[in-house]
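Peer 1: Here it is, the structure in full.
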Amino acid sequence: MGCRQSFRQCCDRPKNTNVRISLPAVCFVWQIVVIILFGIFIRYDQESDAHWAEYRKFQNISSDIENDFYFRYPSFQDVHVMIFVGFGFLMTFLKRYSFSAVGFNFLIAAFGLQWALLMQGWFQSLDPMDGKIKISMESLINADFCVASCLIAYGAVLGKLSPVQLMVMTLFGITLYAVDEYIILNLIHARDAGGSMVIHTFGAYYGLSISWMLYRPNLDQSKRLNGSVYHSDVFAMIGTLFLWMFWPSFNSAITDHGDGQHRAAINTYLALASTVLTTVAISSLSQKTGKLDMVHIQNSTLAGGVAVGTAAEFMLMPYGSLIIGFCCGIISTLGYIYITPFMEKYLKIQDTCGIHNLHAMPGVIGGIVGAVTAAAASEGVYGKAGLINTFDFTGKWKDMVPSRQGGHQAAGLCVALCFGVGGGIIVGCILRMPIWGDAPDDNCFDDELYWELPEDEESIPPILEDNNHMRNRDVTESHFSMEQSQN
Amino acid sequence: MGCRQSFRQCCDRPKNTNVRISLPAVCFVWQIVVIILFGIFIRYDQESDAHWAEYRKFQNISSDIENDFYFRYPSFQDVHVMIFVGFGFLMTFLKRYSFSAVGFNFLIAAFGLQWALLMQGWFQSLDPMDGKIKISMESLINADFCVASCLIAYGAVLGKLSPVQLMVMTLFGITLYAVDEYIILNLIHARDAGGSMVIHTFGAYYGLSISWMLYRPNLDQSKRLNGSVYHSDVFAMIGTLFLWMFWPSFNSAITDHGDGQHRAAINTYLALASTVLTTVAISSLSQKTGKLDMVHIQNSTLAGGVAVGTAAEFMLMPYGSLIIGFCCGIISTLGYIYITPFMEKYLKIQDTCGIHNLHAMPGVIGGIVGAVTAAAASEGVYGKAGLINTFDFTGKWKDMVPSRQGGHQAAGLCVALCFGVGGGIIVGCILRMPIWGDAPDDNCFDDELYWELPEDEESIPPILEDNNHMRNRDVTESHFSMEQSQN
Amino acid sequence: MGCRQSFRQCCDRPKNTNVRISLPAVCFVWQIVVIILFGIFIRYDQESDAHWAEYRKFQNISSDIENDFYFRYPSFQDVHVMIFVGFGFLMTFLKRYSFSAVGFNFLIAAFGLQWALLMQGWFQSLDPMDGKIKISMESLINADFCVASCLIAYGAVLGKLSPVQLMVMTLFGITLYAVDEYIILNLIHARDAGGSMVIHTFGAYYGLSISWMLYRPNLDQSKRLNGSVYHSDVFAMIGTLFLWMFWPSFNSAITDHGDGQHRAAINTYLALASTVLTTVAISSLSQKTGKLDMVHIQNSTLAGGVAVGTAAEFMLMPYGSLIIGFCCGIISTLGYIYITPFMEKYLKIQDTCGIHNLHAMPGVIGGIVGAVTAAAASEGVYGKAGLINTFDFTGKWKDMVPSRQGGHQAAGLCVALCFGVGGGIIVGCILRMPIWGDAPDDNCFDDELYWELPEDEESIPPILEDNNHMRNRDVTESHFSMEQSQN
């Protein structure tokens, strides 16, 4: 007990937010390590190697268009937009944290995807012949997916961590993800096309656990900055919409060629559409005068895409997708109204972006939906070949049956939960150390700590109708002098 | 006469903008109805069903890449971006209506696409074997197209309708669209790849007629909010550019595989490019000092894409596309300068976004261009197979000739006009009822009525060069006290 | 000497920024000329012509999906976004020049791509049979590429040129580009998939030379406007991110079908990722307190994409791409810190956006990397067919060997440099003439000169919690009266 106390005391020393040594050091060293590991391990696979022409002839592939590139590339670019613009801008809603939202999102995603290529490669695509990892477009999509889980976690701790902490969080997050994914997809043989379990459940609980470990009792000293302004909310809508629009690509990016991708896109499209309506309904109901809350529109409208992730490629049926979206819009919006304040007050979990409502709950729902629909799959609905393709009942899993597959899906969900919570607690402990340059409680949610900020907007000289530059300058001066008299 | 007067009086009661009952009720009930109808009617088609593998073998299709998904998906995602980001952000130009612009656009599009899948399905793809509608990527694109017409109409009434009214307008708009489209494309057999007639002409006249029915004589009481600020104009440019850039995808999304899609994209690309130049020219000419007007740049630059819609897949020739764009840039910009004020003053049509200039006139031009170019089509230019493919002279239309096709195109344009004007007048009547929660005349164009707004931008503490937080807070206080002394 | 002086004097007359005659005249006349030239020269190629069905049968092409449209279209749309949103928004960072940044970018790109189709067509795809230029999706991508070089040049002169000057700069820039490209790609047979040499090196030195010729000694009189504000920096991040995300499409858009496109996308993705980390590291190191500078994040993070351009389709190996990105992030960021101020002070080159750091240096690096990797190519790494495909050792180049190809690459780089510098000096001379309506030194970086600006943001009535409109209006009035008392 005393030990724990002294650890706490040590962690609660006055904060020094100078990251001039630590941030460049982390960036340089890790990047160099990654380059060395890439040099040792990573090569092109046959479809991106210059030997493709020979391989194609050898495999009797009739046309270049059957290179996997053309199956995956449009989806890949959409996923890429979701990662960088979607997640980045979704978090710009804070009035003075837009630089950090979009900038640190950029930084950790750029690092994370390199690390993910290595980690996922080691676990899943190490070529036993030559000990190399062979990468292709699908690897890039998987790396982006992996990064998504860490960006989700960033949402919980937005405004409270230094960039160095975020890098550390990402390093461990990617590593845990790769193990977690290997267990769920390869060992347990659960299916998870859109990553409800692997990405969203894991990422959200990882972030929430970290936030719990880093609980700041005096965070309300930064209350003045923990909110939006008009324009920052419009910026956040850019993020929301790009996530919403491209989610069908996210859920279909690595599903089976042909009907698998086709169906996943349709299911996701429908689930998201119905989520919007129930989100609006609950948001309006929750206010005395029926006004809508931008926070709900920005976030809860996306819950359907999360929840339909695991089952996106299954024969959910169009109405099934709508029902999932319908429920998730309600649950997620209610989460923002009731659960987030509850968690902050009683569970000591401060969740800046409300990822519990957007990713954690819908992710768990998605896992359950996946388990149920997998268990209920039948040859009548899927056809014999369809069942095998959709659930990948091949190789050592060729004797699997849908009902058992349902159990495996449920097991996968549990693993994701455990990894998220467990990993988050451990990483949270590490991040409590007072060496990372995080913000003091009274100065969170502030770009000023880590960014050179431009001068204030108010000092733009007012726009005059005529071209009288002389007067223009006068006004500027008078404006400045007024400012001085204020101070 | 007395009856009409009392109806007017009834409609002009003091406004109550509380939508706390009506908005959630509409969202919930309609969504549930849609889910039930989807359950009864909507299924996957063969290309998105898990039986695809068997179907493929049966049809002797050599590769998964020939699944229609790969022909359509990139275009679909671009169209999706146009609907949600394009239309949504184009309307954010008003200084205090950005939340509603992008938020209600989101809401009605999300509802509209579900309803469109049903309505278009009933009219066009009901399987006579089992009474089901089979959906695929192409259905999703068509649903997005259908929604576009209602978003165009939203442009005319922007700032003046409550979200409930918008939902009603969308419900009827989609329904009318589906009938209209069925008549034009199936009964009349007009071609309309990019929807100059079906989408733009119909949508614009639908919106303008509604706006005419809902004429507000005292709208200038809201003049203070009916304009842009610097940043809102930049946000609107996001919408403009995404519409402009992805318009080639819009016009080519559902054209014939192969050369049809290829040619439609090229034609649209060229038409839009030349529109930009003439828009800039007229905009500069119209001002005493040659300055450009952002309203023109935001809107008129898109007119070429509208006008080339119907004929996009025809052999317009590259210079033909340029000429269409050239003319539309001029006409559309002149429309903003002369026709919109004229319509408001003399015709009692208040057109917030100027859709008459961006969609109505270019749409009609597009219909005429389609009729003329169809009538002028010849086997020399198209080739025998090309003519049949492009104009779909198959089945019961196998004896059609280009000159008659031109007449059918013209008939299609008339139908679109009638449906737009007629439908708009009827729906406008319905929307005049005083139960919908629309804004009073002196408070239009204001997000405050339907949104919880964040605190004002000015109360952000000014950014200081040093880290002196104490002083930081002092300044905030002095700022507040200054505000008080002002009031 | 006297002659030169009088030319200078003539050029330094008081500025008249009225472009009411010149801008519309340039737009109209040039557009009409382009239409006429299109009418004479430009036709669809076989893949976009309605005769495709016959051509397909004749060529024994098995499916419509092998139409080049499906290989290129997703990349094309991404490139299109980079040109209009990427470049446009990247330049919105100035506090009062966002309209011009995004608007003039729009204008010159729309003109430039038409002119590029003609110029590139004459040089590269004039059909000797009928004297026509046959265009397809690849032509559109090439036109967008060509435009990119002029938009890069715009970055150097941002805020200092009138729209008429920009049009002139674009006209000559496109022309020079087409000649330059013809020499480098066709005569010298250098490979340049992503245009490190042809696009970036040429464009950047073209712009820098123009800026040098148009040196403004008193530019610091406009210092008040030569900087960003908080929101304008966030807008600029939209540009940065869309450039960053879609750069893999840029570099792979016109590479070989199959493995060429696949590999180019992977290499670019990796190079860009490692650039981000080193940019952040150097940016943080460069400030006393380790704070990041938004200028670096907005620009230097893109340098890796530039530098990997030429070699993107070569067998760079994943670690090779990372190393290129690593170096370029460092060099580019150091460029912003040391070289840009140096160039302004000692070389009289005012580079508003720092294109020397983002395009010129990385472009030259890219050219060198291309030469080295081409010289080092071997049949062992590429395979026999791969070597021929990648370096296009066919036709009259069928006896080429990699080592000589390296020399040709180096020669290509020199040509690009010469064309950039030489062309820029000549065009700069032309633009010095006092007839173009550019801004006076004390009023650069100001939208007010060429745009009708909306009223100032401050005059939005403050948002009040209640609906008391009366009070709302009072505040507005008091605000206005305060403004008056200031003046």
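Order determines the names: the first chain of the structure tokens is A, the second B, and so forth; residues in each chain are numbered 1 upward, and ligands are numbered 1 upward as they are shown.
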Got a sec to pull out which chain B residues are within 7 Å of chain C, counting only C-alpha atoms, and send them as number ranges by chain?
Peer 2: B: 66, 74, 228-230, 234, 241, 245, 257-259, 262-263, 273-274, 276-278, 281-282, 284-285, 289-293, 317-319, 322-323, 382-383, 385-386, 456, 486-487
Peer 1: Please dump the current selection as a short mmCIF file (atom, residue, chain, number, x, y, z; two decimals), in the first residue's frame; keep N, CA, C and O atoms.
Peer 2:
```
data_model
loop_
_atom_site.label_atom_id
_atom_site.label_comp_id
_atom_site.auth_asym_id
_atom_site.auth_seq_id
_atom_site.Cartn_x
_atom_site.Cartn_y
_atom_site.Cartn_z
N GLU B 66 -15.36 -9.74 -62.38
CA GLU B 66 -16.49 -9.34 -63.23
C GLU B 66 -17.78 -9.18 -62.45
O GLU B 66 -18.83 -8.88 -63.04
N PRO B 74 -16.00 2.16 -57.09
CA PRO B 74 -15.31 3.46 -56.96
C PRO B 74 -16.23 4.63 -57.27
O PRO B 74 -16.23 5.64 -56.56
N SER B 228 -22.88 35.21 -45.61
CA SER B 228 -21.76 34.37 -45.19
C SER B 228 -20.79 35.16 -44.33
O SER B 228 -20.88 36.37 -44.21
N VAL B 229 -19.89 34.47 -43.70
CA VAL B 229 -18.69 35.09 -43.14
C VAL B 229 -17.49 34.42 -43.81
O VAL B 229 -17.64 33.45 -44.54
N TYR B 230 -16.32 34.95 -43.52
CA TYR B 230 -15.13 34.48 -44.24
C TYR B 230 -14.96 32.96 -44.16
O TYR B 230 -14.85 32.28 -45.18
N VAL B 234 -15.25 29.48 -46.86
CA VAL B 234 -14.21 28.48 -47.11
C VAL B 234 -14.76 27.07 -46.90
O VAL B 234 -14.48 26.15 -47.68
N LEU B 241 -15.90 21.88 -54.17
CA LEU B 241 -14.83 21.12 -54.82
C LEU B 241 -15.12 19.63 -54.87
O LEU B 241 -14.86 18.98 -55.88
N MET B 245 -15.17 17.79 -58.33
CA MET B 245 -14.19 16.75 -58.65
C MET B 245 -14.83 15.41 -58.94
O MET B 245 -14.36 14.64 -59.78
N HIS B 257 -21.04 -0.46 -68.93
CA HIS B 257 -19.66 -0.91 -68.68
C HIS B 257 -18.80 -0.56 -69.89
O HIS B 257 -19.26 -0.55 -71.02
N GLY B 258 -17.53 -0.31 -69.62
CA GLY B 258 -16.59 -0.10 -70.72
C GLY B 258 -16.60 1.32 -71.23
O GLY B 258 -16.45 2.27 -70.47
N ASP B 259 -16.81 1.45 -72.54
CA ASP B 259 -16.69 2.78 -73.14
C ASP B 259 -17.72 3.76 -72.59
O ASP B 259 -17.46 4.96 -72.54
N HIS B 262 -16.35 5.25 -69.46
CA HIS B 262 -15.14 5.97 -69.84
C HIS B 262 -15.49 7.32 -70.46
O HIS B 262 -14.97 8.37 -70.07
N ARG B 263 -16.41 7.28 -71.42
CA ARG B 263 -16.75 8.50 -72.16
C ARG B 263 -17.50 9.49 -71.28
O ARG B 263 -17.25 10.70 -71.33
N ALA B 273 -14.57 21.82 -66.58
CA ALA B 273 -13.39 22.68 -66.67
C ALA B 273 -13.73 23.99 -67.38
O ALA B 273 -13.34 25.07 -66.91
N SER B 274 -14.48 23.90 -68.47
CA SER B 274 -14.72 25.16 -69.18
C SER B 274 -15.73 26.03 -68.44
O SER B 274 -15.71 27.25 -68.56
N VAL B 276 -15.72 26.64 -65.33
CA VAL B 276 -15.00 27.45 -64.35
C VAL B 276 -14.54 28.76 -64.98
O VAL B 276 -14.69 29.84 -64.39
N LEU B 277 -14.02 28.69 -66.18
CA LEU B 277 -13.48 29.90 -66.80
C LEU B 277 -14.56 30.92 -67.11
O LEU B 277 -14.39 32.11 -66.85
N THR B 278 -15.69 30.48 -67.65
CA THR B 278 -16.70 31.47 -67.97
C THR B 278 -17.38 32.01 -66.71
O THR B 278 -17.78 33.17 -66.67
N ALA B 281 -15.14 34.69 -65.53
CA ALA B 281 -15.21 35.85 -66.41
C ALA B 281 -16.46 36.69 -66.12
O ALA B 281 -16.37 37.91 -65.93
N ILE B 282 -17.60 36.04 -66.07
CA ILE B 282 -18.84 36.80 -65.85
C ILE B 282 -18.86 37.39 -64.45
O ILE B 282 -19.29 38.53 -64.24
N SER B 284 -16.40 38.40 -62.65
CA SER B 284 -15.52 39.57 -62.60
C SER B 284 -16.14 40.75 -63.37
O SER B 284 -16.10 41.89 -62.92
N LEU B 285 -16.73 40.45 -64.51
CA LEU B 285 -17.36 41.51 -65.31
C LEU B 285 -18.50 42.19 -64.57
O LEU B 285 -18.77 43.37 -64.79
N THR B 289 -15.35 46.85 -59.89
CA THR B 289 -13.89 46.80 -59.88
C THR B 289 -13.33 45.44 -60.29
O THR B 289 -12.15 45.17 -60.09
N GLY B 290 -14.16 44.61 -60.88
CA GLY B 290 -13.66 43.34 -61.38
C GLY B 290 -13.43 42.29 -60.32
O GLY B 290 -12.80 41.26 -60.58
N LYS B 291 -13.91 42.54 -59.12
CA LYS B 291 -13.72 41.53 -58.07
C LYS B 291 -14.64 40.33 -58.29
O LYS B 291 -15.72 40.46 -58.84
N LEU B 292 -14.20 39.18 -57.81
CA LEU B 292 -14.99 37.98 -57.94
C LEU B 292 -15.95 37.82 -56.77
O LEU B 292 -15.67 38.27 -55.66
N ASP B 293 -17.07 37.17 -57.05
CA ASP B 293 -18.06 36.92 -56.01
C ASP B 293 -18.02 35.44 -55.65
O ASP B 293 -18.18 34.57 -56.51
N MET B 317 -18.46 14.40 -78.21
CA MET B 317 -17.13 14.87 -78.63
C MET B 317 -16.58 15.82 -77.56
O MET B 317 -17.33 16.60 -76.97
N PRO B 318 -15.29 15.77 -77.34
CA PRO B 318 -14.69 16.63 -76.32
C PRO B 318 -15.02 18.11 -76.49
O PRO B 318 -15.35 18.79 -75.53
N TYR B 319 -14.98 18.61 -77.73
CA TYR B 319 -15.29 20.03 -77.88
C TYR B 319 -16.75 20.31 -77.57
O TYR B 319 -17.10 21.38 -77.09
N LEU B 322 -17.03 20.88 -73.96
CA LEU B 322 -16.50 22.20 -73.60
C LEU B 322 -17.52 23.30 -73.92
O LEU B 322 -17.69 24.24 -73.13
N ILE B 323 -18.18 23.17 -75.04
CA ILE B 323 -19.15 24.21 -75.42
C ILE B 323 -20.31 24.25 -74.43
O ILE B 323 -20.75 25.32 -74.00
N TYR B 382 -21.39 6.23 -84.03
CA TYR B 382 -21.45 5.30 -82.90
C TYR B 382 -21.06 3.88 -83.27
O TYR B 382 -20.70 3.09 -82.40
N GLY B 383 -21.15 3.54 -84.52
CA GLY B 383 -21.06 2.13 -84.89
C GLY B 383 -22.38 1.46 -84.57
O GLY B 383 -23.15 1.93 -83.73
N ALA B 385 -23.13 -1.50 -83.09
CA ALA B 385 -23.23 -2.01 -81.72
C ALA B 385 -23.24 -0.85 -80.73
O ALA B 385 -23.96 -0.87 -79.72
N GLY B 386 -22.45 0.17 -81.02
CA GLY B 386 -22.37 1.32 -80.13
C GLY B 386 -23.70 2.02 -79.99
O GLY B 386 -24.11 2.42 -78.89
N ASP B 456 -19.88 31.16 -27.34
CA ASP B 456 -19.39 31.98 -28.44
C ASP B 456 -17.88 31.92 -28.56
O ASP B 456 -17.15 31.79 -27.58
N GLN B 486 -20.47 46.41 -22.22
CA GLN B 486 -21.06 46.74 -23.53
C GLN B 486 -22.57 46.64 -23.48
O GLN B 486 -23.28 47.42 -24.11
N ASN B 487 -23.06 45.63 -22.81
CA ASN B 487 -24.51 45.35 -22.88
C ASN B 487 -25.33 46.41 -22.13
O ASN B 487 -25.03 46.79 -21.05
#
```
Peer 1: So which residues touch Ala311 of chain A within 12 Å, counting only C-alpha atoms, skipping near sequence neighbours fewer than 2 positions away, as a ChimeraX atom specification?
Peer 2: /A:190-197,251-252,255,260,263-268,271,304-309,313-317,320-321,324,363,365-377,390-391,406,409
Peer 1: Hey, can you check how far atom CA of Tyr205 of chain B sits from atom CA of Leu417 of chain B?
Peer 2: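 Calculated distance between atom CA of Tyr205 of chain B and atom CA of Leu417 of chain B is 6.8 Å.
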Peer 1: So how far away is atom CA of Phe419 of chain B from atom CA of Asn357 of chain B, in Å?
Peer 2: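 Here the two named atoms are 19.0 Å from each other.
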Peer 1: I want to know what sits within 6 Å of segment 151-168 of chain B, based on only C-alpha atoms, with residues of the same chain fewer than 6 positions away left out; could you give that as a list in words?
Peer 2: Leu23, Ile108, Gly203, Ala204, Gly207, Leu208, Ser211, Asp351, Thr352, Cys353, Trp436, Gly437, Asp438, Cys444 and Phe445 of chain B
Peer 1: Taking the DSSP assignment computed from this structure's backbone, write out as JSON, numbers by chain all residues of segment 43-148 of chain A that belong to helix (DSSP H, G or I).
Peer 2: {"A": [52, 53, 54, 55, 56, 57, 58, 59, 64, 65, 66, 68, 69, 70, 71, 72, 73, 74, 75, 76, 77, 78, 79, 80, 81, 82, 83, 84, 85, 86, 87, 88, 89, 90, 91, 92, 93, 98, 99, 100, 101, 102, 103, 104, 105, 106, 107, 108, 109, 110, 111, 112, 113, 114, 115, 116, 117, 118, 119, 120, 121, 122, 123, 124, 137, 138, 139, 140, 141, 142, 143, 144, 145, 146, 147, 148]}
Peer 1: Please dump the current selection as a compact mmCIF listing (two decimals), in the first residue's frame; keep C-alpha atoms.
Peer 2:
```
# COMPACT_ATOMS: atom_id res chain seq x y z
CA TRP A 52 4.58 -10.77 -61.36
CA ALA A 53 4.68 -11.11 -65.14
CA GLU A 54 6.32 -14.50 -64.78
CA TYR A 55 4.15 -15.51 -61.86
CA ARG A 56 1.06 -14.58 -63.85
CA LYS A 57 2.07 -16.73 -66.75
CA PHE A 58 2.97 -19.55 -64.39
CA GLN A 59 -0.36 -19.36 -62.56
CA ASP A 64 -3.45 -7.95 -65.06
CA ILE A 65 -6.81 -6.85 -63.71
CA GLU A 66 -6.85 -9.98 -61.54
CA ASP A 68 -5.29 -8.23 -56.05
CA PHE A 69 -4.46 -4.52 -56.33
CA TYR A 70 -7.59 -3.92 -58.38
CA PHE A 71 -9.82 -5.74 -55.90
CA ARG A 72 -8.49 -3.82 -52.92
CA TYR A 73 -7.13 -0.46 -53.96
CA PRO A 74 -10.32 1.66 -54.00
CA SER A 75 -11.24 0.33 -50.56
CA PHE A 76 -7.73 0.89 -49.32
CA GLN A 77 -7.76 4.55 -50.24
CA ASP A 78 -11.11 5.01 -48.53
CA VAL A 79 -9.83 3.34 -45.38
CA HIS A 80 -6.76 5.57 -45.54
CA VAL A 81 -9.00 8.63 -45.64
CA MET A 82 -10.91 7.35 -42.63
CA ILE A 83 -7.71 6.92 -40.64
CA PHE A 84 -6.20 10.31 -41.35
CA VAL A 85 -9.05 12.66 -42.16
CA GLY A 86 -11.86 10.73 -40.50
CA PHE A 87 -10.34 10.10 -37.09
CA GLY A 88 -8.21 13.23 -37.27
CA PHE A 89 -10.99 15.68 -37.94
CA LEU A 90 -13.54 13.93 -35.77
CA MET A 91 -11.38 14.96 -32.83
CA THR A 92 -10.97 18.60 -33.87
CA PHE A 93 -14.18 19.52 -32.08
CA SER A 98 -7.52 21.00 -33.24
CA PHE A 99 -3.81 21.08 -34.05
CA SER A 100 -3.14 18.27 -31.64
CA ALA A 101 -6.19 16.31 -32.72
CA VAL A 102 -5.28 16.24 -36.35
CA GLY A 103 -1.51 16.49 -35.93
CA PHE A 104 -0.92 13.82 -33.29
CA ASN A 105 -3.43 11.59 -35.03
CA PHE A 106 -1.22 11.99 -38.11
CA LEU A 107 1.94 11.24 -36.15
CA ILE A 108 0.80 8.13 -34.35
CA ALA A 109 -0.95 6.73 -37.40
CA ALA A 110 2.17 7.20 -39.51
CA PHE A 111 4.28 5.41 -36.94
CA GLY A 112 1.65 2.82 -36.13
CA LEU A 113 1.20 1.59 -39.65
CA GLN A 114 4.89 0.81 -40.01
CA TRP A 115 4.98 -1.03 -36.74
CA ALA A 116 1.78 -2.84 -37.64
CA LEU A 117 3.26 -4.12 -40.89
CA LEU A 118 6.04 -5.70 -38.86
CA MET A 119 3.95 -7.07 -36.01
CA GLN A 120 1.13 -8.40 -38.18
CA GLY A 121 3.69 -9.78 -40.58
CA TRP A 122 5.52 -11.71 -37.90
CA PHE A 123 2.32 -13.22 -36.62
CA GLN A 124 0.45 -13.85 -39.79
CA MET A 137 -2.17 -4.06 -50.66
CA GLU A 138 -3.99 -6.27 -48.18
CA SER A 139 -1.15 -5.85 -45.68
CA LEU A 140 -1.46 -2.10 -46.00
CA ILE A 141 -5.18 -2.26 -45.29
CA ASN A 142 -4.54 -4.47 -42.29
CA ALA A 143 -1.95 -2.03 -41.02
CA ASP A 144 -4.44 0.81 -41.34
CA PHE A 145 -6.97 -1.31 -39.44
CA CYS A 146 -4.48 -1.95 -36.71
CA VAL A 147 -3.77 1.75 -36.43
CA ALA A 148 -7.48 2.45 -36.15
```
